[in-house]
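J.: structure_33.pdb (PDB, C-alpha atoms, pLDDT in the B column) pasted underneath:
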MODEL        1
ATOM      1  CA  SER P  22      44.447 -15.077 152.295  1.00 64.00           C
ATOM      2  CA  THR P  23      47.691 -16.535 150.945  1.00 76.00           C
ATOM      3  CA  GLN P  24      49.337 -15.870 154.329  1.00 80.00           C
ATOM      4  CA  SER P  25      46.545 -17.736 156.119  1.00 84.00           C
ATOM      5  CA  THR P  26      46.637 -20.709 153.767  1.00 88.00           C
ATOM      6  CA  TRP P  27      50.436 -20.897 153.995  1.00 86.00           C
ATOM      7  CA  VAL P  28      50.304 -20.946 157.801  1.00 90.00           C
ATOM      8  CA  LEU P  29      47.496 -23.544 157.776  1.00 92.00           C
ATOM      9  CA  GLN P  30      49.520 -25.776 155.427  1.00 91.00           C
ATOM     10  CA  ASP P  31      52.355 -25.672 157.940  1.00 88.00           C
ATOM     11  CA  ASP P  32      50.153 -26.179 161.029  1.00 91.00           C
ATOM     12  CA  GLY P  33      46.567 -27.278 160.499  1.00 92.00           C
ATOM     13  CA  ARG P  34      46.006 -27.348 164.266  1.00 93.00           C
ATOM     14  CA  ILE P  35      46.886 -23.692 164.851  1.00 95.00           C
ATOM     15  CA  THR P  36      44.303 -21.850 166.927  1.00 95.00           C
ATOM     16  CA  ASN P  37      42.198 -19.151 165.315  1.00 96.00           C
ATOM     17  CA  GLN P  38      43.738 -16.638 167.733  1.00 96.00           C
ATOM     18  CA  ASP P  39      47.314 -17.532 166.695  1.00 95.00           C
ATOM     19  CA  LEU P  40      46.426 -17.643 162.999  1.00 95.00           C
ATOM     20  CA  ALA P  41      44.815 -14.202 163.253  1.00 94.00           C
ATOM     21  CA  ALA P  42      47.947 -12.828 164.915  1.00 94.00           C
ATOM     22  CA  ARG P  43      50.222 -14.318 162.232  1.00 92.00           C
ATOM     23  CA  ALA P  44      47.980 -12.961 159.456  1.00 90.00           C
ATOM     24  CA  ALA P  45      47.707  -9.560 161.217  1.00 91.00           C
ATOM     25  CA  ILE P  46      43.895  -9.565 161.240  1.00 93.00           C
ATOM     26  CA  SER P  47      41.226  -9.796 163.941  1.00 95.00           C
ATOM     27  CA  PRO P  48      40.187 -13.230 165.198  1.00 96.00           C
ATOM     28  CA  ALA P  49      36.640 -12.673 163.880  1.00 97.00           C
ATOM     29  CA  ALA P  50      37.930 -11.760 160.416  1.00 96.00           C
ATOM     30  CA  CYS P  51      40.289 -14.739 160.518  1.00 95.00           C
ATOM     31  CA  HIS P  52      37.504 -17.140 161.465  1.00 96.00           C
ATOM     32  CA  GLU P  53      35.355 -15.802 158.619  1.00 96.00           C
ATOM     33  CA  ARG P  54      38.257 -16.061 156.126  1.00 95.00           C
ATOM     34  CA  VAL P  55      38.927 -19.696 157.041  1.00 95.00           C
ATOM     35  CA  ARG P  56      35.204 -20.485 156.840  1.00 95.00           C
ATOM     36  CA  ARG P  57      35.078 -18.999 153.324  1.00 95.00           C
ATOM     37  CA  LEU P  58      38.200 -20.928 152.280  1.00 94.00           C
ATOM     38  CA  ARG P  59      36.534 -24.178 153.414  1.00 95.00           C
ATOM     39  CA  GLU P  60      33.258 -23.244 151.740  1.00 96.00           C
ATOM     40  CA  ARG P  61      34.993 -22.508 148.421  1.00 96.00           C
ATOM     41  CA  GLY P  62      36.935 -25.775 148.588  1.00 95.00           C
ATOM     42  CA  VAL P  63      40.331 -24.075 148.905  1.00 93.00           C
ATOM     43  CA  ILE P  64      40.811 -25.915 152.198  1.00 94.00           C
ATOM     44  CA  ARG P  65      39.789 -29.492 151.378  1.00 94.00           C
ATOM     45  CA  GLY P  66      40.349 -30.930 154.854  1.00 92.00           C
ATOM     46  CA  THR P  67      42.685 -31.207 157.825  1.00 92.00           C
ATOM     47  CA  VAL P  68      44.692 -34.391 158.370  1.00 91.00           C
ATOM     48  CA  ALA P  69      47.397 -35.899 160.563  1.00 91.00           C
ATOM     49  CA  LEU P  70      50.504 -36.920 158.608  1.00 93.00           C
ATOM     50  CA  ILE P  71      51.510 -40.404 159.776  1.00 95.00           C
ATOM     51  CA  GLU P  72      55.089 -41.700 159.672  1.00 96.00           C
ATOM     52  CA  PRO P  73      54.805 -44.594 157.157  1.00 97.00           C
ATOM     53  CA  ALA P  74      57.463 -46.817 158.758  1.00 96.00           C
ATOM     54  CA  ALA P  75      55.731 -46.542 162.144  1.00 97.00           C
ATOM     55  CA  VAL P  76      52.597 -48.172 160.726  1.00 97.00           C
ATOM     56  CA  GLY P  77      54.156 -50.840 158.520  1.00 97.00           C
ATOM     57  CA  CYS P  78      54.230 -48.948 155.232  1.00 97.00           C
ATOM     58  CA  ALA P  79      57.960 -48.320 154.891  1.00 97.00           C
ATOM     59  CA  LEU P  80      58.413 -49.147 151.197  1.00 98.00           C
ATOM     60  CA  LEU P  81      57.383 -46.450 148.732  1.00 98.00           C
ATOM     61  CA  ILE P  82      56.952 -47.556 145.131  1.00 98.00           C
ATOM     62  CA  PHE P  83      56.039 -45.892 141.865  1.00 98.00           C
ATOM     63  CA  VAL P  84      54.468 -47.957 139.110  1.00 97.00           C
ATOM     64  CA  GLU P  85      54.169 -46.970 135.464  1.00 97.00           C
ATOM     65  CA  VAL P  86      51.093 -48.569 133.923  1.00 97.00           C
ATOM     66  CA  VAL P  87      50.382 -49.122 130.233  1.00 97.00           C
ATOM     67  CA  LEU P  88      46.825 -50.140 129.374  1.00 97.00           C
ATOM     68  CA  GLU P  89      45.877 -52.566 126.613  1.00 96.00           C
ATOM     69  CA  ARG P  90      43.447 -50.029 125.157  1.00 93.00           C
ATOM     70  CA  THR P  91      43.248 -46.254 125.502  1.00 89.00           C
ATOM     71  CA  SER P  92      39.492 -45.779 125.369  1.00 93.00           C
ATOM     72  CA  GLU P  93      37.201 -43.964 127.793  1.00 95.00           C
ATOM     73  CA  ASP P  94      35.767 -47.299 128.941  1.00 94.00           C
ATOM     74  CA  ALA P  95      39.254 -48.689 129.645  1.00 94.00           C
ATOM     75  CA  PHE P  96      40.264 -45.516 131.518  1.00 95.00           C
ATOM     76  CA  ARG P  97      37.072 -45.578 133.599  1.00 95.00           C
ATOM     77  CA  ALA P  98      37.372 -49.291 134.463  1.00 95.00           C
ATOM     78  CA  PHE P  99      41.021 -48.870 135.458  1.00 96.00           C
ATOM     79  CA  ALA P 100      40.365 -45.759 137.568  1.00 96.00           C
ATOM     80  CA  ASP P 101      37.329 -47.291 139.301  1.00 96.00           C
ATOM     81  CA  HIS P 102      39.354 -50.371 140.267  1.00 95.00           C
ATOM     82  CA  VAL P 103      42.474 -48.484 141.408  1.00 96.00           C
ATOM     83  CA  ARG P 104      40.444 -46.130 143.637  1.00 97.00           C
ATOM     84  CA  ARG P 105      39.510 -49.166 145.758  1.00 95.00           C
ATOM     85  CA  ILE P 106      43.099 -50.349 146.388  1.00 96.00           C
ATOM     86  CA  PRO P 107      44.191 -49.070 149.823  1.00 96.00           C
ATOM     87  CA  GLN P 108      47.937 -49.329 149.092  1.00 97.00           C
ATOM     88  CA  VAL P 109      47.567 -46.831 146.226  1.00 97.00           C
ATOM     89  CA  LEU P 110      48.115 -43.341 147.601  1.00 98.00           C
ATOM     90  CA  GLU P 111      47.977 -41.525 144.277  1.00 98.00           C
ATOM     91  CA  CYS P 112      47.209 -42.439 140.696  1.00 98.00           C
ATOM     92  CA  HIS P 113      47.671 -39.995 137.836  1.00 98.00           C
ATOM     93  CA  MET P 114      46.827 -40.268 134.141  1.00 97.00           C
ATOM     94  CA  VAL P 115      49.887 -38.910 132.348  1.00 97.00           C
ATOM     95  CA  ALA P 116      51.007 -37.963 128.873  1.00 96.00           C
ATOM     96  CA  GLY P 117      54.100 -39.731 127.568  1.00 94.00           C
ATOM     97  CA  GLY P 118      55.367 -43.272 127.281  1.00 94.00           C
ATOM     98  CA  PHE P 119      52.790 -44.821 129.644  1.00 97.00           C
ATOM     99  CA  ASP P 120      49.197 -44.170 130.689  1.00 97.00           C
ATOM    100  CA  TYR P 121      49.176 -43.928 134.508  1.00 97.00           C
ATOM    101  CA  LEU P 122      51.662 -43.331 137.307  1.00 98.00           C
ATOM    102  CA  ILE P 123      50.786 -44.957 140.621  1.00 98.00           C
ATOM    103  CA  LYS P 124      52.318 -44.040 143.973  1.00 98.00           C
ATOM    104  CA  ALA P 125      51.841 -46.797 146.547  1.00 98.00           C
ATOM    105  CA  ARG P 126      53.064 -47.836 149.975  1.00 98.00           C
ATOM    106  CA  VAL P 127      53.636 -51.365 151.236  1.00 98.00           C
ATOM    107  CA  SER P 128      55.549 -52.818 154.159  1.00 97.00           C
ATOM    108  CA  ASP P 129      58.474 -54.447 152.350  1.00 97.00           C
ATOM    109  CA  MET P 130      59.596 -56.186 149.148  1.00 95.00           C
ATOM    110  CA  ASN P 131      57.551 -59.299 149.932  1.00 96.00           C
ATOM    111  CA  ALA P 132      54.424 -57.179 150.326  1.00 96.00           C
ATOM    112  CA  TYR P 133      55.359 -55.403 147.095  1.00 95.00           C
ATOM    113  CA  ARG P 134      55.553 -58.744 145.291  1.00 95.00           C
ATOM    114  CA  LEU P 135      52.077 -59.638 146.599  1.00 95.00           C
ATOM    115  CA  PHE P 136      50.802 -56.175 145.622  1.00 95.00           C
ATOM    116  CA  LEU P 137      52.143 -56.474 142.084  1.00 93.00           C
ATOM    117  CA  GLY P 138      51.301 -60.141 141.490  1.00 91.00           C
ATOM    118  CA  GLY P 139      47.985 -60.304 143.281  1.00 90.00           C
ATOM    119  CA  ILE P 140      46.362 -56.923 143.651  1.00 92.00           C
ATOM    120  CA  LEU P 141      47.650 -54.929 140.681  1.00 90.00           C
ATOM    121  CA  ALA P 142      47.498 -57.927 138.347  1.00 88.00           C
ATOM    122  CA  SER P 143      43.760 -58.165 139.051  1.00 89.00           C
ATOM    123  CA  VAL P 144      43.119 -54.658 137.699  1.00 91.00           C
ATOM    124  CA  PRO P 145      41.395 -54.955 134.325  1.00 86.00           C
ATOM    125  CA  GLY P 146      43.068 -53.805 131.132  1.00 93.00           C
ATOM    126  CA  ILE P 147      46.716 -53.579 132.199  1.00 95.00           C
ATOM    127  CA  ARG P 148      49.141 -54.541 129.445  1.00 95.00           C
ATOM    128  CA  GLU P 149      52.411 -53.703 131.179  1.00 95.00           C
ATOM    129  CA  THR P 150      53.818 -52.282 134.416  1.00 95.00           C
ATOM    130  CA  ARG P 151      57.223 -50.958 135.347  1.00 96.00           C
ATOM    131  CA  THR P 152      58.000 -50.464 139.043  1.00 96.00           C
ATOM    132  CA  TYR P 153      60.505 -48.260 140.849  1.00 97.00           C
ATOM    133  CA  ALA P 154      61.243 -48.832 144.535  1.00 97.00           C
ATOM    134  CA  VAL P 155      62.289 -45.654 146.346  1.00 97.00           C
ATOM    135  CA  LEU P 156      65.689 -45.901 148.021  1.00 97.00           C
ATOM    136  CA  GLU P 157      65.589 -42.432 149.579  1.00 96.00           C
ATOM    137  CA  GLU P 158      62.895 -39.770 149.796  1.00 96.00           C
ATOM    138  CA  VAL P 159      64.835 -36.608 149.028  1.00 96.00           C
ATOM    139  CA  LYS P 160      61.802 -34.349 149.427  1.00 96.00           C
ATOM    140  CA  ALA P 161      58.235 -35.160 150.391  1.00 94.00           C
ATOM    141  CA  THR P 162      55.834 -32.363 151.259  1.00 92.00           C
ATOM    142  CA  THR P 163      52.141 -31.627 151.168  1.00 91.00           C
ATOM    143  CA  GLN P 164      52.689 -27.861 151.079  1.00 91.00           C
ATOM    144  CA  LEU P 165      51.871 -25.984 147.906  1.00 91.00           C
ATOM    145  CA  PRO P 166      54.311 -23.183 146.930  1.00 90.00           C
ATOM    146  CA  LEU P 167      52.088 -20.248 147.922  1.00 86.00           C
ATOM    147  CA  ARG P 168      54.724 -17.782 149.080  1.00 66.00           C
ATOM    148  CA  GLN P 169      56.381 -15.386 146.675  1.00 45.00           C
ATOM    149  CA  GLY P 170      59.550 -17.009 145.362  1.00 37.00           C
ATOM    150  CA  ALA P 171      58.786 -20.381 146.975  1.00 39.00           C
TER     151      ALA P 171
ENDMDL
END
Using structure tokens, write down the structure that the file contains.
T.:
Amino acid sequence: STQSTWVLQDDGRITNQDLAARAAISPAACHERVRRLRERGVIRGTVALIEPAAVGCALLIFVEVVLERTSEDAFRAFADHVRRIPQVLECHMVAGGFDYLIKARVSDMNAYRLFLGGILASVPGIRETRTYAVLEEVKATTQLPLRQGA
């Protein structure tokens, strides 16, 4: 199962026949295994990974967010609002010196300024933000470390 999921992480478009061969099982068994993985929610979906610069989203930014209040209502209101912002790729509640870490993509610094001053500023309950523009992506992957020693 780990072999199948590793291969699928690397190539979500692999044929059942090729996946079965790589996993050293029959195509029928492979098809059933993948069906069960989808059913159990292990495989959440299959996507195409788009080159950000090719579609006008070249600038990657991370934003630390501190909320005015740390109550369930404040967390819920913030999360509900952020989920609707298309530039936000990820948003994580974190422990430490701030409340949330946002990962977002915009086209350039001007778009970032509009994102910060217009879009993010409209999110309720934000006391403070601190932004980091990425100069170089050293590693970016969607693959989970499923192999032994990976």
J.: I'd like the interatomic distance between atom CA of Cys51 of chain P and atom CA of Leu70 of chain P, to a tenth of an Å.
T.: 24.5 Å
J.: Can you tell me, as a PyMOL selection string, what residues are no more than 9 Å from Leu141 of chain P when counting all atoms listed in the file, ignoring any on the same chain fewer than 6 positions away?
T.: chain P and resi 103+106+135+147
J.: Can you pull out every residue within 12 Å of Ala79 of chain P, counting only C-alpha atoms, but drop anything in the same chain fewer than 4 positions away, and send it as a list in words?
T.: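 Those residues are Ile71, Glu72, Pro73, Ala74, Ala75, Gln108, Ala125, Arg126, Val127, Ser128, Asp129, Met130, Ala132, Tyr133, Ala154, Val155, Leu156, Glu157 and Glu158 of chain P.
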J.: Run the PyMOL selection byres ((chain P and resi 163) around 12) mentally over the shown coordinates, then write out the matched residues as a CSV table (one decimal) with C-alpha atoms, in the frame of the given file, using the chain letters and numbers from the document.
T.:
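Resulting contents of part.csv:
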chain,number,residue,atom,x,y,z
P,27,TRP,CA,50.4,-20.9,154.0
P,29,LEU,CA,47.5,-23.5,157.8
P,30,GLN,CA,49.5,-25.8,155.4
P,31,ASP,CA,52.4,-25.7,157.9
P,32,ASP,CA,50.2,-26.2,161.0
P,33,GLY,CA,46.6,-27.3,160.5
P,67,THR,CA,42.7,-31.2,157.8
P,68,VAL,CA,44.7,-34.4,158.4
P,69,ALA,CA,47.4,-35.9,160.6
P,70,LEU,CA,50.5,-36.9,158.6
P,160,LYS,CA,61.8,-34.3,149.4
P,161,ALA,CA,58.2,-35.2,150.4
P,162,THR,CA,55.8,-32.4,151.3
P,164,GLN,CA,52.7,-27.9,151.1
P,165,LEU,CA,51.9,-26.0,147.9
P,166,PRO,CA,54.3,-23.2,146.9
P,167,LEU,CA,52.1,-20.2,147.9
J.: Counting only C-alpha atoms, which residues sit no farther than 12 Å from the position (49.4, -40.1, 137.3) in the file's frame? I'd like them as a list in words.
T.: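 So the residues meeting the distance criterion are Phe83, Val84, Glu85, Val86, Val87, Ala100, Val103, Val109, Leu110, Glu111, Cys112, His113, Met114, Val115, Ala116, Gly117, Phe119, Asp120, Tyr121, Leu122, Ile123, Lys124 and Ala125 of chain P.
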J.: What separation in Å, quoted to one decimal, exists between atom CA of Arg151 of chain P and atom CA of Asp94 of chain P?
T.: 22.7 Å
J.: Suppose you want the space between atom CA of Gly146 of chain P and atom CA of Asp101 of chain P; what is it in Å?
T.: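 The value is 11.9 Å.
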J.: If you take every atom of segment 151-167 of chain P that the file lists and fit an axis-aligned box around them with 8 Å extra on each side, what centre and edge lengths come out in Å to one decimal, as JSON?
T.:
{"center_x": 58.8, "center_y": -35.6, "center_z": 143.3, "size_x": 29.8, "size_y": 46.7, "size_z": 31.9}
J.: Name the residues captured by the PyMOL selection byres ((chain P and resi 55) around 9) when it is applied to the shown file; answer as a ChimeraX atom specification.
T.: /P:22,25-26,37,50-54,56-60,64
J.: For Ala98 of chain P, which residue out of P:Ala49, P:Val76, P:Val63, P:Val144 is the nearest one, using all atoms listed in the file?
T.: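 Result for the nearest residue to Ala98 of chain P: P:Val144.
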J.: For each of P:Thr23, P:Thr152, P:Ser143, P:Thr36, take the minimum atom-to-atom distance to Leu81 of chain P, counting only C-alpha atoms, then give the residue where this is smallest.
T.: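 Closest to Leu81 of chain P, using only C-alpha atoms: P:Thr152.
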J.: For segment 69-83 of chain P of the structure just presented, write all heavy atoms to a file, as a JSON list (two decimals), in the first residue's frame.
T.:
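Full text of selection.json as output:
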[["chain", "number", "residue", "atom", "x", "y", "z"],
["P", 69, "ALA", "N", -3.51, 18.63, -11.09],
["P", 69, "ALA", "CA", -2.39, 19.04, -11.93],
["P", 69, "ALA", "C", -1.66, 20.15, -11.18],
["P", 69, "ALA", "O", -2.29, 21.07, -10.66],
["P", 69, "ALA", "CB", -2.90, 19.56, -13.27],
["P", 70, "LEU", "N", -0.35, 20.06, -11.09],
["P", 70, "LEU", "CA", 0.43, 21.09, -10.42],
["P", 70, "LEU", "C", 0.83, 22.14, -11.47],
["P", 70, "LEU", "O", 1.54, 21.83, -12.41],
["P", 70, "LEU", "CB", 1.66, 20.48, -9.75],
["P", 70, "LEU", "CG", 1.35, 19.42, -8.69],
["P", 70, "LEU", "CD1", 2.63, 18.79, -8.16],
["P", 70, "LEU", "CD2", 0.54, 20.02, -7.56],
["P", 71, "ILE", "N", 0.36, 23.35, -11.27],
["P", 71, "ILE", "CA", 0.54, 24.44, -12.24],
["P", 71, "ILE", "C", 1.76, 25.27, -11.86],
["P", 71, "ILE", "O", 1.97, 25.57, -10.69],
["P", 71, "ILE", "CB", -0.71, 25.35, -12.25],
["P", 71, "ILE", "CG1", -2.00, 24.55, -12.46],
["P", 71, "ILE", "CG2", -0.57, 26.48, -13.27],
["P", 71, "ILE", "CD1", -2.10, 23.81, -13.76],
["P", 72, "GLU", "N", 2.55, 25.64, -12.84],
["P", 72, "GLU", "CA", 3.70, 26.52, -12.62],
["P", 72, "GLU", "C", 3.17, 27.91, -12.29],
["P", 72, "GLU", "O", 2.54, 28.56, -13.13],
["P", 72, "GLU", "CB", 4.59, 26.57, -13.86],
["P", 72, "GLU", "CG", 5.69, 27.59, -13.81],
["P", 72, "GLU", "CD", 6.60, 27.46, -12.60],
["P", 72, "GLU", "OE1", 6.98, 26.33, -12.25],
["P", 72, "GLU", "OE2", 6.91, 28.50, -11.98],
["P", 73, "PRO", "N", 3.39, 28.40, -11.06],
["P", 73, "PRO", "CA", 2.80, 29.69, -10.63],
["P", 73, "PRO", "C", 3.15, 30.87, -11.54],
["P", 73, "PRO", "O", 2.27, 31.67, -11.87],
["P", 73, "PRO", "CB", 3.37, 29.88, -9.22],
["P", 73, "PRO", "CG", 3.68, 28.51, -8.74],
["P", 73, "PRO", "CD", 4.12, 27.76, -9.97],
["P", 74, "ALA", "N", 4.40, 30.99, -11.96],
["P", 74, "ALA", "CA", 4.80, 32.13, -12.78],
["P", 74, "ALA", "C", 4.09, 32.13, -14.13],
["P", 74, "ALA", "O", 3.81, 33.19, -14.69],
["P", 74, "ALA", "CB", 6.31, 32.13, -12.98],
["P", 75, "ALA", "N", 3.75, 30.94, -14.63],
["P", 75, "ALA", "CA", 3.09, 30.84, -15.93],
["P", 75, "ALA", "C", 1.65, 31.36, -15.90],
["P", 75, "ALA", "O", 1.09, 31.66, -16.95],
["P", 75, "ALA", "CB", 3.10, 29.39, -16.42],
["P", 76, "VAL", "N", 1.08, 31.47, -14.70],
["P", 76, "VAL", "CA", -0.30, 31.93, -14.59],
["P", 76, "VAL", "C", -0.43, 33.20, -13.76],
["P", 76, "VAL", "O", -1.47, 33.50, -13.18],
["P", 76, "VAL", "CB", -1.22, 30.82, -14.04],
["P", 76, "VAL", "CG1", -1.34, 29.68, -15.04],
["P", 76, "VAL", "CG2", -0.74, 30.31, -12.69],
["P", 77, "GLY", "N", 0.67, 33.96, -13.67],
["P", 77, "GLY", "CA", 0.63, 35.25, -13.00],
["P", 77, "GLY", "C", 0.61, 35.21, -11.49],
["P", 77, "GLY", "O", 0.07, 36.11, -10.86],
["P", 78, "CYS", "N", 1.20, 34.19, -10.92],
["P", 78, "CYS", "CA", 1.26, 34.07, -9.45],
["P", 78, "CYS", "C", 2.70, 33.84, -8.99],
["P", 78, "CYS", "O", 2.98, 32.94, -8.18],
["P", 78, "CYS", "CB", 0.37, 32.92, -8.98],
["P", 78, "CYS", "SG", -1.36, 33.14, -9.34],
["P", 79, "ALA", "N", 3.62, 34.64, -9.49],
["P", 79, "ALA", "CA", 5.04, 34.39, -9.28],
["P", 79, "ALA", "C", 5.52, 34.65, -7.85],
["P", 79, "ALA", "O", 6.46, 34.02, -7.39],
["P", 79, "ALA", "CB", 5.86, 35.24, -10.25],
["P", 80, "LEU", "N", 4.89, 35.59, -7.15],
["P", 80, "LEU", "CA", 5.39, 35.97, -5.83],
["P", 80, "LEU", "C", 4.73, 35.13, -4.73],
["P", 80, "LEU", "O", 3.51, 35.16, -4.56],
["P", 80, "LEU", "CB", 5.14, 37.46, -5.57],
["P", 80, "LEU", "CG", 5.68, 38.01, -4.25],
["P", 80, "LEU", "CD1", 7.19, 37.82, -4.12],
["P", 80, "LEU", "CD2", 5.31, 39.48, -4.09],
["P", 81, "LEU", "N", 5.56, 34.42, -4.00],
["P", 81, "LEU", "CA", 5.11, 33.61, -2.86],
["P", 81, "LEU", "C", 5.39, 34.39, -1.59],
["P", 81, "LEU", "O", 6.50, 34.90, -1.40],
["P", 81, "LEU", "CB", 5.86, 32.28, -2.83],
["P", 81, "LEU", "CG", 5.56, 31.32, -1.69],
["P", 81, "LEU", "CD1", 4.09, 30.91, -1.67],
["P", 81, "LEU", "CD2", 6.45, 30.09, -1.80],
["P", 82, "ILE", "N", 4.37, 34.51, -0.74],
["P", 82, "ILE", "CA", 4.53, 35.24, 0.51],
["P", 82, "ILE", "C", 4.01, 34.40, 1.68],
["P", 82, "ILE", "O", 3.11, 33.58, 1.52],
["P", 82, "ILE", "CB", 3.82, 36.61, 0.50],
["P", 82, "ILE", "CG1", 2.34, 36.46, 0.14],
["P", 82, "ILE", "CG2", 4.51, 37.58, -0.43],
["P", 82, "ILE", "CD1", 1.55, 37.75, 0.21],
["P", 83, "PHE", "N", 4.62, 34.62, 2.82],
["P", 83, "PHE", "CA", 4.15, 34.04, 4.07],
["P", 83, "PHE", "C", 3.78, 35.20, 4.98],
["P", 83, "PHE", "O", 4.51, 36.20, 5.04],
["P", 83, "PHE", "CB", 5.22, 33.17, 4.73],
["P", 83, "PHE", "CG", 5.46, 31.89, 3.99],
["P", 83, "PHE", "CD1", 6.41, 31.81, 2.98],
["P", 83, "PHE", "CD2", 4.72, 30.75, 4.30],
["P", 83, "PHE", "CE1", 6.62, 30.63, 2.28],
["P", 83, "PHE", "CE2", 4.93, 29.56, 3.62],
["P", 83, "PHE", "CZ", 5.88, 29.50, 2.61]]
